[in-house]
Amino acid sequence: MLTIDTDYHVHSEFSFCATDITLERIFQLGDGLYLAVTDHSAHQYFRPGRGWSLAREDVVDLVEEQRDYGRENLERYIAMIRALGRPEILVGLEVDILPTGDLVFEEDLREEFDVLIGSVHHLPSYVQGRSPAEIVAEWQTRVCQFCDQGMDILGHPFRIFAQYGLPVSDGLIAWTVERCTAAGVALEINSHQPSPQDDVRLIRCAREQGARLAIATDAHATWEFGEFSYHRQVLAAAGVESQEEWERLNWRAVPHLDFGASAP
């Protein structure tokens with residue numbers, strides 16, 4: 001059985017969509033894991049009740065309106081994770097991107113984060129009833145923007161296609177792996193809303209192209225935290241059976257700040 005000791009996508013009480021998982025529970029249960037707390041960037045900038053405002057047409061103006069609140073909230077969030085005093089618990093963020101291509105946090109805060117995940121949660125082209133080809137093209141634009149913005153990980157790469165009921169072609173998987181690999185962005189294997197057929201194809205393509213994979217439970221509840229059976233299942237189905245090969249594929253974070261030892 002493969003040893004998995006990294007999880008770079010974990011939520012806490014600072015995500016509005018989380019249930020019973022908290023920083024305290026992560027601290028209690030995370031012994032032996034290298035992990036990152038990665039709450040939604042929009043949930044730091046928007047007050048409760050407005051957490052999913054990214055789908056609004058006036059989202060850019062809304063972010064600017066709440067900039068002071070968001071920055072203060074985000075700085076407090078960073079400080080609380082650092083205050084846990086565990087070097088293996090990294091400060092991360094699941095980053096949302098605006099229609100302008102800008103990220104939902106200020107540039108000067110970038111170095112405060114050890115792990116940045118770029119995730120596509122919304123595509124206006126789908127809401128507008130555009131063709132599948134136009135939806136895919138908009139998604140590719142978002143992926144390129146995340147790569148250009150220097151994300152560490154592309155979060156749950158093809159989840160949105162499953163949510164929209166759209167197929168993921170082999171060509172799109174190959175394009176995604178090639179684009180992210182060229183930018184030094186790891187591809188996430190995410191168990192929160194699993195899509196095993198897509199993940200197996202993604203892992204196979206990553207093996208062929210020499211890409212790196214990032215393990216993610218994307219835990220929104222305590223029961224999901226540290227549960228890696230899905231990851232072992234899809235890795236085995238894709239032909240990754242030896243620990244040696246897995247270590248070559250597995251992306252490991254390097255803390256941006258001088259805060260204890262990094263993961264080996």
# chains A, B, ... in the order shown; residues from 1 in each chain; ligands from 1
>>> residues_around(residues="Val177 (chain A)", least_positions_apart="5", cutoff="8 Å", atoms="only C-alpha atoms", output="CSV table (one decimal) with C-alpha atoms, in the first residue's frame")
chain,number,residue,atom,x,y,z
A,187,LEU,CA,-2.2,18.8,-10.8
A,202,LEU,CA,-5.0,12.5,-15.7
A,205,CYS,CA,-1.0,11.5,-18.7
A,206,ALA,CA,1.1,13.0,-15.9
A,209,GLN,CA,4.7,13.9,-19.4
A,211,ALA,CA,4.1,16.1,-14.4
>>> residues_around(residues="region 102-119 of chain A", least_positions_apart="4", cutoff="9 Å", atoms="only C-alpha atoms", output="ChimeraX atom specification")
/A:8-9,36-38,41-42,45,63,67,70-71,74-75,78,90-98,142-143,145-147,149-157,253-257
>>> select_by_dssp(residues="region 56-147 of chain A", states="strand (DSSP E or B)", output="PDB file with C-alpha atoms, in the first residue's frame")
ATOM      1  CA  ILE A  89       0.877  22.804   8.961  1.00  0.00           C
ATOM      2  CA  LEU A  90       1.313  25.313   6.167  1.00  0.00           C
ATOM      3  CA  VAL A  91      -0.565  28.493   5.376  1.00  0.00           C
ATOM      4  CA  GLY A  92      -2.457  28.156   2.126  1.00  0.00           C
ATOM      5  CA  LEU A  93      -5.322  29.612   0.165  1.00  0.00           C
ATOM      6  CA  GLU A  94      -7.710  28.289  -2.455  1.00  0.00           C
ATOM      7  CA  VAL A  95      -7.550  31.243  -4.780  1.00  0.00           C
ATOM      8  CA  ILE A  97      -9.842  34.519  -9.971  1.00  0.00           C
ATOM      9  CA  LEU A 103      -6.601  37.201  -7.934  1.00  0.00           C
ATOM     10  CA  VAL A 115       0.634  26.961  -0.862  1.00  0.00           C
ATOM     11  CA  LEU A 116      -1.608  28.651  -3.422  1.00  0.00           C
ATOM     12  CA  ILE A 117      -4.266  26.602  -5.192  1.00  0.00           C
ATOM     13  CA  GLY A 118      -6.018  27.995  -8.253  1.00  0.00           C
TER      14      GLY A 118
END
>>> closest_residue(among="A:Gln193, A:Asn250, A:Ser229, A:Thr181", to="Gln163 (chain A)", atoms="only C-alpha atoms")
A:Gln193
>>> closest_residue(among="A:Gln243, A:Ser191, A:Gln197, A:Ser131", to="Phe228 (chain A)", atoms="only C-alpha atoms")
A:Ser191
>>> closest_residue(among="A:Arg232, A:Arg82, A:His40, A:Arg212", to="Gly184 (chain A)", atoms="only C-alpha atoms")
A:Arg212
>>> atom_distance(atom1="CA of Pro196 (chain A)", atom2="CA of Val120 (chain A)")
18.7 Å
>>> residues_around(residues="Gly239 (chain A)", least_positions_apart="3", cutoff="10 Å", atoms="only C-alpha atoms", output="PyMOL selection string")
chain A and resi 200+203-204+207+234-236+242+245
>>> write_last_selection(atoms="C-alpha atoms", output="PDB file, in the first residue's frame")
ATOM      1  CA  VAL A 200      -7.073   7.945 -13.744  1.00  0.00           C
ATOM      2  CA  ILE A 203      -2.517  10.393 -13.665  1.00  0.00           C
ATOM      3  CA  ARG A 204      -1.616   8.331 -16.718  1.00  0.00           C
ATOM      4  CA  ARG A 207       3.255   9.870 -15.811  1.00  0.00           C
ATOM      5  CA  VAL A 234      -6.956   5.874  -8.661  1.00  0.00           C
ATOM      6  CA  LEU A 235      -3.158   5.755  -8.470  1.00  0.00           C
ATOM      7  CA  ALA A 236      -3.255   1.960  -8.610  1.00  0.00           C
ATOM      8  CA  SER A 242       5.631   1.443  -6.253  1.00  0.00           C
ATOM      9  CA  GLU A 245       7.441   6.056  -8.530  1.00  0.00           C
TER      10      GLU A 245
END
>>> atom_distance(atom1="CA of Gly210 (chain A)", atom2="CA of Ile189 (chain A)")
15.5 Å
>>> closest_residue(among="A:Glu188, A:Asp61, A:Glu244, A:Asp198", to="Leu172 (chain A)", atoms="only C-alpha atoms")
A:Asp198
>>> closest_atom_pairs(of="region 27-145 of chain A", to="region 15-20 of chain A", cutoff="8 Å", atoms="only C-alpha atoms", output="JSON lines")
{"residue": "A:Asp39", "atom": "CA", "partner": "A:Ser15", "partner_atom": "CA", "distance": 5.4}
{"residue": "A:His40", "atom": "CA", "partner": "A:Ser15", "partner_atom": "CA", "distance": 6.0}
{"residue": "A:His43", "atom": "CA", "partner": "A:Ser15", "partner_atom": "CA", "distance": 5.9}
{"residue": "A:Gln44", "atom": "CA", "partner": "A:Ser15", "partner_atom": "CA", "distance": 8.0}
{"residue": "A:Pro48", "atom": "CA", "partner": "A:Phe16", "partner_atom": "CA", "distance": 7.2}
{"residue": "A:Gly51", "atom": "CA", "partner": "A:Phe16", "partner_atom": "CA", "distance": 6.8}
>>> select_by_dssp(residues="region 50-164 of chain A", states="helix (DSSP H, G or I)", output="number ranges by chain")
A: 53-55, 59-65, 67-82, 107-112, 124-127, 132-148, 159-164
>>> closest_residue(among="A:Glu208, A:Glu65, A:Asp5, A:Glu138", to="Gly101 (chain A)", atoms="only C-alpha atoms")
A:Glu138
>>> closest_residue(among="A:Cys144, A:Met80, A:Ile26, A:Val136", to="Glu178 (chain A)", atoms="only C-alpha atoms")
A:Cys144
